[in-house]
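Participant: Okay, so here is entry.pdb, and as you'll see once you scroll down, it has PDB, C-alpha atoms.
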ATOM      1  CA  MET A   1    -238.735 117.065 173.077
ATOM      2  CA  ILE A   2    -236.902 113.827 173.985
ATOM      3  CA  ASP A   3    -236.703 113.064 177.710
ATOM      4  CA  ARG A   4    -233.668 111.710 179.599
ATOM      5  CA  ARG A   5    -234.979 108.143 179.688
ATOM      6  CA  THR A   6    -235.413 108.086 175.903
ATOM      7  CA  LEU A   7    -231.927 109.572 175.390
ATOM      8  CA  ILE A   8    -230.292 106.896 177.552
ATOM      9  CA  LYS A   9    -232.285 104.196 175.771
ATOM     10  CA  ALA A  10    -231.106 105.534 172.392
ATOM     11  CA  GLY A  11    -227.470 105.393 173.498
ATOM     12  CA  LEU A  12    -227.827 101.810 174.685
ATOM     13  CA  THR A  13    -229.576 100.935 171.417
ATOM     14  CA  THR A  14    -226.578 102.156 169.400
ATOM     15  CA  ALA A  15    -224.241  99.982 171.459
ATOM     16  CA  LEU A  16    -226.562  96.997 171.014
ATOM     17  CA  LEU A  17    -226.849  97.370 167.238
ATOM     18  CA  ALA A  18    -223.089  97.726 166.886
ATOM     19  CA  SER A  19    -222.586  94.335 168.576
ATOM     20  CA  ILE A  20    -225.217  92.354 166.646
ATOM     21  CA  ASN A  21    -224.349  89.373 164.447
ATOM     22  CA  TRP A  22    -225.570  91.023 161.246
ATOM     23  CA  ASP A  23    -225.207  87.948 159.037
ATOM     24  CA  LYS A  24    -227.757  86.199 161.246
ATOM     25  CA  ALA A  25    -229.935  89.324 161.512
ATOM     26  CA  ILE A  26    -230.103  89.784 157.737
ATOM     27  CA  ARG A  27    -231.036  86.122 157.292
ATOM     28  CA  THR A  28    -233.777  86.485 159.911
ATOM     29  CA  ALA A  29    -235.105  89.563 158.109
ATOM     30  CA  ALA A  30    -235.059  87.696 154.796
ATOM     31  CA  GLU A  31    -237.020  84.820 156.340
ATOM     32  CA  THR A  32    -239.525  87.305 157.766
ATOM     33  CA  VAL A  33    -240.012  88.958 154.385
ATOM     34  CA  ALA A  34    -240.224  85.606 152.598
ATOM     35  CA  SER A  35    -242.967  84.450 154.943
ATOM     36  CA  GLY A  36    -245.153  87.260 153.640
ATOM     37  CA  ALA A  37    -245.337  88.975 157.027
ATOM     38  CA  ILE A  38    -243.420  92.077 155.903
ATOM     39  CA  ASN A  39    -243.174  93.349 152.337
ATOM     40  CA  ILE A  40    -240.544  95.613 150.828
ATOM     41  CA  ILE A  41    -241.341  98.188 148.147
ATOM     42  CA  TRP A  42    -238.094  99.461 146.615
ATOM     43  CA  PHE A  43    -238.990 102.453 144.456
ATOM     44  CA  GLU A  44    -236.426 104.066 142.176
ATOM     45  CA  ALA A  45    -236.851 107.670 141.059
ATOM     46  CA  ALA A  46    -234.085 109.796 139.467
ATOM     47  CA  ALA A  47    -231.150 107.454 139.985
ATOM     48  CA  CYS A  48    -228.405 105.511 138.217
ATOM     49  CA  ASP A  49    -229.040 102.047 139.757
ATOM     50  CA  GLY A  50    -225.742 102.328 141.641
ATOM     51  CA  ASP A  51    -227.336 101.610 145.006
ATOM     52  CA  THR A  52    -229.201  98.619 143.585
ATOM     53  CA  GLU A  53    -225.906  97.252 142.249
ATOM     54  CA  SER A  54    -224.307  97.841 145.629
ATOM     55  CA  ALA A  55    -227.077  95.979 147.464
ATOM     56  CA  ILE A  56    -227.020  93.061 145.018
ATOM     57  CA  GLN A  57    -223.288  92.567 145.575
ATOM     58  CA  ALA A  58    -223.469  93.080 149.329
ATOM     59  CA  THR A  59    -223.662  89.720 151.110
ATOM     60  CA  ASP A  60    -225.437  86.382 151.323
ATOM     61  CA  PRO A  61    -228.336  86.410 150.696
ATOM     62  CA  ASP A  62    -228.253  89.068 148.001
ATOM     63  CA  LEU A  63    -231.325  90.577 146.351
ATOM     64  CA  ILE A  64    -231.469  88.168 143.422
ATOM     65  CA  GLN A  65    -231.073  85.121 145.672
ATOM     66  CA  VAL A  66    -233.903  86.311 147.894
ATOM     67  CA  LEU A  67    -236.138  87.222 144.967
ATOM     68  CA  LEU A  68    -235.661  83.978 143.035
ATOM     69  CA  GLY A  69    -235.504  81.649 146.037
ATOM     70  CA  LYS A  70    -231.940  80.596 145.223
ATOM     71  CA  SER A  71    -230.776  80.952 148.827
ATOM     72  CA  HIS A  72    -231.125  78.316 151.548
ATOM     73  CA  VAL A  73    -232.762  81.081 153.587
ATOM     74  CA  VAL A  74    -235.683  81.702 151.201
ATOM     75  CA  PRO A  75    -237.804  78.815 149.866
ATOM     76  CA  PRO A  76    -237.889  78.412 146.063
ATOM     77  CA  GLY A  77    -240.735  80.252 144.372
ATOM     78  CA  THR A  78    -241.147  82.758 147.184
ATOM     79  CA  VAL A  79    -241.108  86.406 146.085
ATOM     80  CA  ALA A  80    -239.617  88.282 149.015
ATOM     81  CA  LEU A  81    -239.107  91.678 147.416
ATOM     82  CA  ARG A  82    -242.480  92.910 146.171
ATOM     83  CA  PHE A  83    -241.192  95.721 143.963
ATOM     84  CA  GLN A  84    -237.661  96.408 142.726
ATOM     85  CA  HIS A  85    -237.695  97.259 139.048
ATOM     86  CA  VAL A  86    -234.188  95.957 138.269
ATOM     87  CA  VAL A  87    -234.493  92.424 139.642
ATOM     88  CA  MET A  88    -238.232  91.680 139.860
ATOM     89  CA  PRO A  89    -239.559  89.170 137.302
ATOM     90  CA  GLU A  90    -242.635  91.276 136.433
ATOM     91  CA  TRP A  91    -242.440  94.122 133.940
ATOM     92  CA  GLY A  92    -244.682  96.725 132.366
ATOM     93  CA  GLU A  93    -248.259  96.814 133.613
ATOM     94  CA  ARG A  94    -247.754  93.730 135.796
ATOM     95  CA  ALA A  95    -244.956  95.511 137.654
ATOM     96  CA  LEU A  96    -247.011  98.683 138.032
ATOM     97  CA  GLU A  97    -249.852  96.635 139.465
ATOM     98  CA  VAL A  98    -247.633  95.870 142.463
ATOM     99  CA  LEU A  99    -247.288  99.592 143.167
ATOM    100  CA  HIS A 100    -251.035 100.080 142.800
ATOM    101  CA  LEU A 101    -251.660  97.232 145.253
ATOM    102  CA  ALA A 102    -249.233  98.744 147.745
ATOM    103  CA  ALA A 103    -250.824 102.187 147.440
ATOM    104  CA  ALA A 104    -254.267 100.640 147.983
ATOM    105  CA  GLY A 105    -253.181  98.920 151.198
ATOM    106  CA  ARG A 106    -253.230  95.422 149.727
ATOM    107  CA  LEU A 107    -249.580  94.768 150.643
ATOM    108  CA  ASP A 108    -249.620  96.087 154.204
ATOM    109  CA  PRO A 109    -247.413  96.180 156.121
ATOM    110  CA  PHE A 110    -244.479  97.232 153.952
ATOM    111  CA  VAL A 111    -241.185  99.058 154.344
ATOM    112  CA  LEU A 112    -240.690 101.694 151.644
ATOM    113  CA  VAL A 113    -237.176 102.003 150.215
ATOM    114  CA  LEU A 114    -236.422 105.006 147.994
ATOM    115  CA  GLU A 115    -233.503 105.074 145.568
ATOM    116  CA  GLY A 116    -232.952 108.309 143.659
ATOM    117  CA  ALA A 117    -234.019 111.934 144.007
ATOM    118  CA  VAL A 118    -237.548 113.192 143.351
ATOM    119  CA  PRO A 119    -238.521 116.458 141.582
ATOM    120  CA  PRO A 120    -241.422 118.163 143.411
ATOM    121  CA  ASP A 121    -244.320 119.859 141.645
ATOM    122  CA  GLU A 122    -245.958 123.260 141.925
ATOM    123  CA  LYS A 123    -248.108 122.067 144.823
ATOM    124  CA  ALA A 124    -244.926 121.262 146.757
ATOM    125  CA  GLY A 125    -243.467 124.704 146.011
ATOM    126  CA  ALA A 126    -241.632 124.011 142.743
ATOM    127  CA  PRO A 127    -242.038 125.618 139.302
ATOM    128  CA  PRO A 128    -244.995 124.321 137.235
ATOM    129  CA  GLY A 129    -244.286 121.041 135.468
ATOM    130  CA  SER A 130    -240.996 120.276 137.208
ATOM    131  CA  ASP A 131    -242.360 116.970 138.521
ATOM    132  CA  MET A 132    -242.551 115.665 134.936
ATOM    133  CA  PHE A 133    -238.795 115.099 134.940
ATOM    134  CA  CYS A 134    -239.484 111.772 136.668
ATOM    135  CA  PHE A 135    -242.446 109.462 136.153
ATOM    136  CA  VAL A 136    -243.141 105.733 136.314
ATOM    137  CA  GLY A 137    -246.048 104.331 134.321
ATOM    138  CA  GLU A 138    -249.307 105.886 133.184
ATOM    139  CA  GLU A 139    -252.853 106.106 134.451
ATOM    140  CA  ASN A 140    -255.798 107.108 132.254
ATOM    141  CA  GLY A 141    -253.372 108.161 129.554
ATOM    142  CA  LYS A 142    -251.362 110.455 131.840
ATOM    143  CA  PRO A 143    -247.911 109.843 133.362
ATOM    144  CA  ILE A 144    -247.719 109.013 137.064
ATOM    145  CA  THR A 145    -244.899 111.135 138.421
ATOM    146  CA  CYS A 146    -242.423 109.830 140.977
ATOM    147  CA  LEU A 147    -243.702 112.494 143.348
ATOM    148  CA  GLU A 148    -247.251 111.196 142.933
ATOM    149  CA  TRP A 149    -246.065 107.680 143.774
ATOM    150  CA  MET A 150    -244.490 109.077 146.950
ATOM    151  CA  ARG A 151    -247.797 110.722 147.827
ATOM    152  CA  ARG A 152    -249.558 107.390 147.387
ATOM    153  CA  LEU A 153    -247.031 105.093 149.048
ATOM    154  CA  LEU A 154    -245.896 107.110 152.066
ATOM    155  CA  PRO A 155    -249.264 106.959 153.881
ATOM    156  CA  ARG A 156    -249.176 103.134 153.747
ATOM    157  CA  ALA A 157    -245.490 102.589 154.638
ATOM    158  CA  VAL A 158    -244.744 101.538 158.222
ATOM    159  CA  ALA A 159    -241.094 102.592 157.851
ATOM    160  CA  PHE A 160    -238.937 104.396 155.286
ATOM    161  CA  VAL A 161    -235.337 104.011 154.111
ATOM    162  CA  SER A 162    -233.524 106.231 151.620
ATOM    163  CA  VAL A 163    -230.543 104.583 149.931
ATOM    164  CA  GLY A 164    -227.831 106.695 148.324
ATOM    165  CA  ASN A 165    -227.073 110.410 148.322
ATOM    166  CA  CYS A 166    -229.748 111.264 145.753
ATOM    167  CA  ALA A 167    -232.610 109.672 147.681
ATOM    168  CA  SER A 168    -231.310 111.007 150.988
ATOM    169  CA  TYR A 169    -230.419 114.630 150.215
ATOM    170  CA  GLY A 170    -230.777 115.203 146.467
ATOM    171  CA  GLY A 171    -227.218 114.158 145.639
ATOM    172  CA  PHE A 172    -225.798 114.722 142.177
ATOM    173  CA  ALA A 173    -229.303 115.062 140.733
ATOM    174  CA  GLY A 174    -229.873 118.076 142.991
ATOM    175  CA  ASN A 175    -226.693 119.960 142.082
ATOM    176  CA  TYR A 176    -226.807 123.671 141.422
ATOM    177  CA  VAL A 177    -226.508 125.119 137.930
ATOM    178  CA  TRP A 178    -224.018 127.966 138.039
ATOM    179  CA  GLU A 179    -224.403 129.093 134.410
ATOM    180  CA  LYS A 180    -227.811 130.690 134.965
ATOM    181  CA  ASP A 181    -226.868 133.866 133.072
ATOM    182  CA  TYR A 182    -226.284 131.799 129.942
ATOM    183  CA  PHE A 183    -229.783 130.348 130.179
ATOM    184  CA  ARG A 184    -231.253 133.803 130.775
ATOM    185  CA  ARG A 185    -229.570 135.113 127.627
ATOM    186  CA  MET A 186    -231.154 132.213 125.771
ATOM    187  CA  GLY A 187    -234.556 133.352 127.046
ATOM    188  CA  PHE A 188    -234.860 130.474 129.526
ATOM    189  CA  ASP A 189    -236.045 131.842 132.891
ATOM    190  CA  TYR A 190    -236.869 128.499 134.502
ATOM    191  CA  PHE A 191    -234.334 128.865 137.318
ATOM    192  CA  ASP A 192    -235.660 132.294 138.311
ATOM    193  CA  LYS A 193    -238.943 130.626 139.256
ATOM    194  CA  PHE A 194    -237.424 128.519 142.017
ATOM    195  CA  PRO A 195    -238.374 129.751 145.505
ATOM    196  CA  SER A 196    -235.688 130.434 148.083
ATOM    197  CA  GLY A 197    -234.377 127.314 149.790
ATOM    198  CA  TYR A 198    -235.394 125.055 146.918
ATOM    199  CA  GLY A 199    -232.893 123.030 144.884
ATOM    200  CA  LYS A 200    -231.807 124.914 141.767
ATOM    201  CA  SER A 201    -230.805 121.943 139.653
ATOM    202  CA  PRO A 202    -232.173 121.623 136.095
ATOM    203  CA  THR A 203    -234.803 119.219 137.419
ATOM    204  CA  GLY A 204    -235.239 120.636 140.917
ATOM    205  CA  ASN A 205    -234.563 117.180 142.361
ATOM    206  CA  VAL A 206    -234.519 116.836 146.129
ATOM    207  CA  GLY A 207    -234.029 113.939 148.502
ATOM    208  CA  PHE A 208    -236.368 112.737 151.204
ATOM    209  CA  PHE A 209    -234.402 114.460 153.959
ATOM    210  CA  ASP A 210    -233.306 118.097 154.084
ATOM    211  CA  ASP A 211    -229.919 118.868 152.533
ATOM    212  CA  LYS A 212    -228.368 120.860 155.355
ATOM    213  CA  ARG A 213    -225.251 121.647 153.332
ATOM    214  CA  ARG A 214    -226.997 123.216 150.344
ATOM    215  CA  GLY A 215    -230.074 124.447 152.167
ATOM    216  CA  HIS A 216    -232.612 122.354 150.231
ATOM    217  CA  LYS A 217    -235.803 121.147 151.853
ATOM    218  CA  GLY A 218    -236.498 117.445 151.419
ATOM    219  CA  LEU A 219    -239.768 115.662 150.769
ATOM    220  CA  VAL A 220    -240.117 115.088 154.501
ATOM    221  CA  HIS A 221    -240.796 118.830 154.872
ATOM    222  CA  LEU A 222    -242.532 119.344 151.499
ATOM    223  CA  LEU A 223    -245.210 116.648 151.473
ATOM    224  CA  PRO A 224    -248.110 116.506 153.941
ATOM    225  CA  GLU A 225    -248.125 112.733 153.381
ATOM    226  CA  ALA A 226    -244.690 112.574 155.046
ATOM    227  CA  GLU A 227    -245.914 114.175 158.294
ATOM    228  CA  PRO A 228    -245.562 111.041 160.499
ATOM    229  CA  PHE A 229    -241.959 110.676 159.304
ATOM    230  CA  ARG A 230    -241.266 114.401 159.773
ATOM    231  CA  ARG A 231    -242.350 114.219 163.410
ATOM    232  CA  PHE A 232    -239.938 111.332 163.955
ATOM    233  CA  ILE A 233    -237.024 113.077 162.206
ATOM    234  CA  ASP A 234    -237.628 116.379 164.011
ATOM    235  CA  GLY A 235    -237.548 114.590 167.364
ATOM    236  CA  GLU A 236    -241.192 115.228 168.193
ATOM    237  CA  CYS A 237    -242.041 111.570 168.763
ATOM    238  CA  VAL A 238    -240.734 108.026 169.120
ATOM    239  CA  PRO A 239    -242.845 105.248 167.521
ATOM    240  CA  THR A 240    -244.303 102.890 170.090
ATOM    241  CA  ALA A 241    -245.634 100.411 167.526
ATOM    242  CA  PRO A 242    -245.369  99.787 163.751
ATOM    243  CA  GLY A 243    -248.000 101.565 161.698
ATOM    244  CA  GLN A 244    -248.565 104.282 164.281
ATOM    245  CA  ALA A 245    -250.595 106.946 162.481
ATOM    246  CA  ASN A 246    -248.741 110.024 163.701
ATOM    247  CA  CYS A 247    -245.172 108.754 164.125
ATOM    248  CA  ARG A 248    -243.195 106.507 161.786
ATOM    249  CA  PRO A 249    -239.435 105.934 161.443
ATOM    250  CA  ALA A 250    -237.362 107.160 158.501
ATOM    251  CA  VAL A 251    -233.659 106.395 158.087
ATOM    252  CA  ALA A 252    -231.049 107.590 155.571
ATOM    253  CA  VAL A 253    -228.277 105.378 154.180
ATOM    254  CA  PRO A 254    -226.336 107.855 152.020
ATOM    255  CA  GLY A 255    -223.341 107.178 149.802
ATOM    256  CA  CYS A 256    -222.564 107.287 146.102
ATOM    257  CA  PRO A 257    -223.363 104.495 145.962
ATOM    258  CA  ALA A 258    -224.438 103.562 149.467
ATOM    259  CA  ASN A 259    -222.554 100.684 151.058
ATOM    260  CA  GLY A 260    -224.394  97.469 150.230
ATOM    261  CA  ASN A 261    -223.911  95.964 153.675
ATOM    262  CA  GLY A 262    -225.150  99.193 155.229
ATOM    263  CA  ILE A 263    -228.279  99.078 153.054
ATOM    264  CA  LEU A 264    -229.113  95.489 153.996
ATOM    265  CA  LYS A 265    -228.366  96.038 157.683
ATOM    266  CA  THR A 266    -230.655  99.063 157.826
ATOM    267  CA  VAL A 267    -233.502  97.453 155.897
ATOM    268  CA  ALA A 268    -233.127  94.318 158.041
ATOM    269  CA  ASN A 269    -233.160  96.469 161.182
ATOM    270  CA  LEU A 270    -236.474  98.085 160.198
ATOM    271  CA  VAL A 271    -238.064  94.809 159.065
ATOM    272  CA  LEU A 272    -237.180  93.204 162.391
ATOM    273  CA  TRP A 273    -238.393  96.295 164.265
ATOM    274  CA  VAL A 274    -241.772  95.910 162.575
ATOM    275  CA  LYS A 275    -241.805  92.319 163.871
ATOM    276  CA  GLY A 276    -240.877  93.502 167.358
ATOM    277  CA  LEU A 277    -237.524  91.692 167.263
ATOM    278  CA  MET A 278    -235.134  94.670 167.220
ATOM    279  CA  PRO A 279    -235.110  98.287 168.436
ATOM    280  CA  LEU A 280    -234.935 101.233 166.062
ATOM    281  CA  PRO A 281    -231.427 102.576 165.399
ATOM    282  CA  GLU A 282    -230.267 105.831 166.942
ATOM    283  CA  LEU A 283    -229.755 108.466 164.220
ATOM    284  CA  ASP A 284    -227.272 111.322 163.833
ATOM    285  CA  GLU A 285    -228.125 114.855 162.676
ATOM    286  CA  PHE A 286    -228.316 113.658 159.058
ATOM    287  CA  ALA A 287    -230.813 110.863 159.882
ATOM    288  CA  ARG A 288    -228.103 108.199 159.452
ATOM    289  CA  PRO A 289    -227.898 105.169 161.780
ATOM    290  CA  LYS A 290    -225.068 105.742 164.236
ATOM    291  CA  PHE A 291    -224.169 102.077 164.440
ATOM    292  CA  ILE A 292    -223.065 102.347 160.795
ATOM    293  CA  PHE A 293    -222.026 105.977 160.364
ATOM    294  CA  GLY A 294    -220.771 106.671 163.887
ATOM    295  CA  PRO A 295    -217.236 105.304 163.418
ATOM    296  CA  THR A 296    -215.009 106.788 160.719
ATOM    297  CA  VAL A 297    -213.600 104.749 157.841
ATOM    298  CA  HIS A 298    -210.222 104.927 159.568
ATOM    299  CA  GLU A 299    -211.650 103.489 162.796
ATOM    300  CA  ASN A 300    -213.115 100.553 160.875
ATOM    301  CA  CYS A 301    -209.907  99.871 158.959
ATOM    302  CA  PRO A 302    -208.479  96.386 159.678
ATOM    303  CA  ARG A 303    -205.000  98.003 159.848
ATOM    304  CA  ALA A 304    -206.044 100.578 162.466
ATOM    305  CA  ALA A 305    -204.456  98.566 165.298
ATOM    306  CA  TRP A 306    -201.017  98.758 163.696
ATOM    307  CA  TYR A 307    -201.474 102.507 163.242
ATOM    308  CA  ALA A 308    -202.471 102.938 166.890
ATOM    309  CA  ALA A 309    -199.435 100.921 167.982
ATOM    310  CA  GLY A 310    -197.130 103.043 165.846
ATOM    311  CA  ASP A 311    -196.012  99.960 163.925
ATOM    312  CA  PHE A 312    -194.983 101.607 160.662
ATOM    313  CA  ARG A 313    -192.757 100.393 157.889
ATOM    314  CA  LYS A 314    -189.459 102.214 157.890
ATOM    315  CA  THR A 315    -188.405 103.948 154.695
ATOM    316  CA  ALA A 316    -184.869 103.984 153.420
TER     317      ALA A 316
END
If you took the structure in this file and wrote it as structure tokens, what would it be?
Facilitator:
Amino acid sequence: MIDRRTLIKAGLTTALLASINWDKAIRTAAETVASGAINIIWFEAAACDGDTESAIQATDPDLIQVLLGKSHVVPPGTVALRFQHVVMPEWGERALEVLHLAAAGRLDPFVLVLEGAVPPDEKAGAPPGSDMFCFVGEENGKPITCLEWMRRLLPRAVAFVSVGNCASYGGFAGNYVWEKDYFRRMGFDYFDKFPSGYGKSPTGNVGFFDDKRRGHKGLVHLLPEAEPFRRFIDGECVPTAPGQANCRPAVAVPGCPANGNGILKTVANLVLWVKGLMPLPELDEFARPKFIFGPTVHENCPRAAWYAAGDFRKTA
């Protein structure tokens, strides 16, 4: 239960974040990451790379500039983004080693960014083997599923950001299959094994947060490892310090793809919160930051003033 003082503070926080010079804030976050104080692990599951493309094209500095030290903000040779499979220079086993280091606590503290939906396994209430639709790397000759990586990384993350509809709520990857009768006639009963309230897509993909429109539970309510984030999302707690064991912030930046500036602003916000330089954003019912998703597209339109003034072009 959130008290009155916390509610007022959240409202003032939204107003503050809406008035911030975000170009300067993003640069400050990039400098913080480059210094090695805060790491970023950007993990992609079942996705199309659309959100990565959006972030790369967002603003100055973009992901490649930060990673390669091509920006005046980040010194040359400094790797700011620890893991992002599209733009990181490492590949194969060397890239996987970064994930292993993060899971082992060798890269603490880090902000975990998820791009793409994740298919749960039987332990999380899904049909047997459904988690094999998404895996990254191998260990002892066996694939490491994306769900397993979430189980390993979430306990170490000081904050979490989902980018895009798929990572946030399941998105396109979590769509229903309406032709179930056809599959039944073919002797394929896979969809009949899905429990109630679980995504009935071919892969069973879900996002991190609950999909309130389709009634899917997200990883935040399926994985015990996500408990500190669940308590934050369900309004049971407010983090008082980064790395708090029982309460950690999680924020959704949905979109198909998500807006690149929105991604960088949110990640920068959480990085600077970890450093104690910025408050956490106030979230709406879908776990989205209100300072980004509060106004409508129309309200942010540069032509909105002419509309409000009734200054329209006359037709013949």
Participant: If the PyMOL selection byres ((chain A and resi 201-206) around 10) were run on this exact file, what residues would it hold? Put them as a PDB file with C-alpha atoms, keeping the file's coordinate frame.
Facilitator:
ATOM      1  CA  ALA A  45    -236.851 107.670 141.059  1.00  0.00           C
ATOM      2  CA  ALA A  46    -234.085 109.796 139.467  1.00  0.00           C
ATOM      3  CA  GLY A 116    -232.952 108.309 143.659  1.00  0.00           C
ATOM      4  CA  ALA A 117    -234.019 111.934 144.007  1.00  0.00           C
ATOM      5  CA  VAL A 118    -237.548 113.192 143.351  1.00  0.00           C
ATOM      6  CA  PRO A 119    -238.521 116.458 141.582  1.00  0.00           C
ATOM      7  CA  PRO A 120    -241.422 118.163 143.411  1.00  0.00           C
ATOM      8  CA  ASP A 121    -244.320 119.859 141.645  1.00  0.00           C
ATOM      9  CA  ALA A 126    -241.632 124.011 142.743  1.00  0.00           C
ATOM     10  CA  PRO A 127    -242.038 125.618 139.302  1.00  0.00           C
ATOM     11  CA  GLY A 129    -244.286 121.041 135.468  1.00  0.00           C
ATOM     12  CA  SER A 130    -240.996 120.276 137.208  1.00  0.00           C
ATOM     13  CA  ASP A 131    -242.360 116.970 138.521  1.00  0.00           C
ATOM     14  CA  MET A 132    -242.551 115.665 134.936  1.00  0.00           C
ATOM     15  CA  PHE A 133    -238.795 115.099 134.940  1.00  0.00           C
ATOM     16  CA  CYS A 134    -239.484 111.772 136.668  1.00  0.00           C
ATOM     17  CA  CYS A 166    -229.748 111.264 145.753  1.00  0.00           C
ATOM     18  CA  ALA A 167    -232.610 109.672 147.681  1.00  0.00           C
ATOM     19  CA  SER A 168    -231.310 111.007 150.988  1.00  0.00           C
ATOM     20  CA  TYR A 169    -230.419 114.630 150.215  1.00  0.00           C
ATOM     21  CA  GLY A 170    -230.777 115.203 146.467  1.00  0.00           C
ATOM     22  CA  GLY A 171    -227.218 114.158 145.639  1.00  0.00           C
ATOM     23  CA  PHE A 172    -225.798 114.722 142.177  1.00  0.00           C
ATOM     24  CA  ALA A 173    -229.303 115.062 140.733  1.00  0.00           C
ATOM     25  CA  GLY A 174    -229.873 118.076 142.991  1.00  0.00           C
ATOM     26  CA  ASN A 175    -226.693 119.960 142.082  1.00  0.00           C
ATOM     27  CA  TYR A 176    -226.807 123.671 141.422  1.00  0.00           C
ATOM     28  CA  VAL A 177    -226.508 125.119 137.930  1.00  0.00           C
ATOM     29  CA  TRP A 178    -224.018 127.966 138.039  1.00  0.00           C
ATOM     30  CA  TYR A 190    -236.869 128.499 134.502  1.00  0.00           C
ATOM     31  CA  PHE A 191    -234.334 128.865 137.318  1.00  0.00           C
ATOM     32  CA  PHE A 194    -237.424 128.519 142.017  1.00  0.00           C
ATOM     33  CA  TYR A 198    -235.394 125.055 146.918  1.00  0.00           C
ATOM     34  CA  GLY A 199    -232.893 123.030 144.884  1.00  0.00           C
ATOM     35  CA  LYS A 200    -231.807 124.914 141.767  1.00  0.00           C
ATOM     36  CA  GLY A 207    -234.029 113.939 148.502  1.00  0.00           C
ATOM     37  CA  PHE A 208    -236.368 112.737 151.204  1.00  0.00           C
ATOM     38  CA  PHE A 209    -234.402 114.460 153.959  1.00  0.00           C
ATOM     39  CA  ASP A 210    -233.306 118.097 154.084  1.00  0.00           C
ATOM     40  CA  ASP A 211    -229.919 118.868 152.533  1.00  0.00           C
ATOM     41  CA  HIS A 216    -232.612 122.354 150.231  1.00  0.00           C
ATOM     42  CA  LYS A 217    -235.803 121.147 151.853  1.00  0.00           C
ATOM     43  CA  GLY A 218    -236.498 117.445 151.419  1.00  0.00           C
ATOM     44  CA  LEU A 219    -239.768 115.662 150.769  1.00  0.00           C
ATOM     45  CA  LEU A 222    -242.532 119.344 151.499  1.00  0.00           C
TER      46      LEU A 222
END
Participant: Please provide the set of residues having any atom within 12 Å of Leu154 of chain A, restricted to only C-alpha atoms, with same-chain residues fewer than 6 positions apart removed, written as a PyMOL selection string.
Facilitator: chain A and resi 41+43+99+102-105+108-114+146-148+160-161+208+219-220+223-230+243+245+248-250
Participant: As an exercise, work out the distance from atom CA of Ile233 of chain A to atom CA of Ser162 of chain A in Å and give it to one decimal place.
Facilitator: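 Separation of atom CA of Ile233 of chain A and atom CA of Ser162 of chain A: 13.1 Å.
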Participant: Record the distance separating atom CA of Gly260 of chain A and atom CA of Ile292 of chain A, expressed in Å with one decimal.
Facilitator: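 Between atom CA of Gly260 of chain A and atom CA of Ile292 of chain A the gap is 11.7 Å.
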Participant: If we count only C-alpha atoms, what is near Asn261 of chain A at a cut-off of 8 Å, once residues fewer than 2 positions away on the same chain are taken out, given as a ChimeraX atom specification?
Facilitator: /A:55,58-59,259,263-265
Participant: Take atom CA of Gly276 of chain A and atom CA of His221 of chain A and report the distance between them in Å, one decimal.
Facilitator: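 The value is 28.2 Å.
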Participant: Which one is closest to Leu107 of chain A: A:Ile38, A:Met150, A:Ala47, A:Ala124? Count only C-alpha atoms.
Facilitator: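 Smallest distance to Leu107 of chain A is found for A:Ile38.
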Participant: Given only C-alpha atoms as the basis, pick out the residue of A:Pro242, A:Met88, A:Arg185, A:Glu115 nearest to Ala157 of chain A.
Facilitator: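 Result for the nearest residue to Ala157 of chain A: A:Pro242.
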Participant: From the list A:Gly235, A:Pro257, A:Gly137, A:Gly310, which residue is nearest Thr52 of chain A when using only C-alpha atoms?
Facilitator: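 Of A:Gly235, A:Pro257, A:Gly137, A:Gly310, the one nearest Thr52 of chain A, counting only C-alpha atoms, is A:Pro257.
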Participant: Check the smallest atom-to-atom distance from each of A:Arg288, A:His100, A:Arg151, A:Arg156 to Glu139 of chain A using only C-alpha atoms, then report the winner.
Facilitator: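 Answer, going by the shortest atom-to-atom distance: A:His100.
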Participant: Padding 6 Å on each side, edges along x, y and z: where is the centre of the box around the listed atoms of segment 269-282 of chain A, and how long are its edges in Å to one decimal? Output it as AutoDock Vina command-line options.
Facilitator:
--center_x -236.0 --center_y 98.8 --center_z 163.8 --size_x 23.5 --size_y 26.1 --size_z 21.4
Participant: Would you kindly identify which residues have an atom no farther than 8 Å from (-233.0, 102.1, 161.0), using only C-alpha atoms and the file's own coordinates, and write them out as a PDB file with C-alpha atoms, in the frame of the given file?
Facilitator:
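Once written, out.pdb looks like this:
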ATOM      1  CA  VAL A 161    -235.337 104.011 154.111  1.00  0.00           C
ATOM      2  CA  PRO A 249    -239.435 105.934 161.443  1.00  0.00           C
ATOM      3  CA  ALA A 250    -237.362 107.160 158.501  1.00  0.00           C
ATOM      4  CA  VAL A 251    -233.659 106.395 158.087  1.00  0.00           C
ATOM      5  CA  ALA A 252    -231.049 107.590 155.571  1.00  0.00           C
ATOM      6  CA  THR A 266    -230.655  99.063 157.826  1.00  0.00           C
ATOM      7  CA  VAL A 267    -233.502  97.453 155.897  1.00  0.00           C
ATOM      8  CA  ASN A 269    -233.160  96.469 161.182  1.00  0.00           C
ATOM      9  CA  LEU A 270    -236.474  98.085 160.198  1.00  0.00           C
ATOM     10  CA  LEU A 280    -234.935 101.233 166.062  1.00  0.00           C
ATOM     11  CA  PRO A 281    -231.427 102.576 165.399  1.00  0.00           C
ATOM     12  CA  GLU A 282    -230.267 105.831 166.942  1.00  0.00           C
ATOM     13  CA  LEU A 283    -229.755 108.466 164.220  1.00  0.00           C
ATOM     14  CA  ARG A 288    -228.103 108.199 159.452  1.00  0.00           C
ATOM     15  CA  PRO A 289    -227.898 105.169 161.780  1.00  0.00           C
TER      16      PRO A 289
END
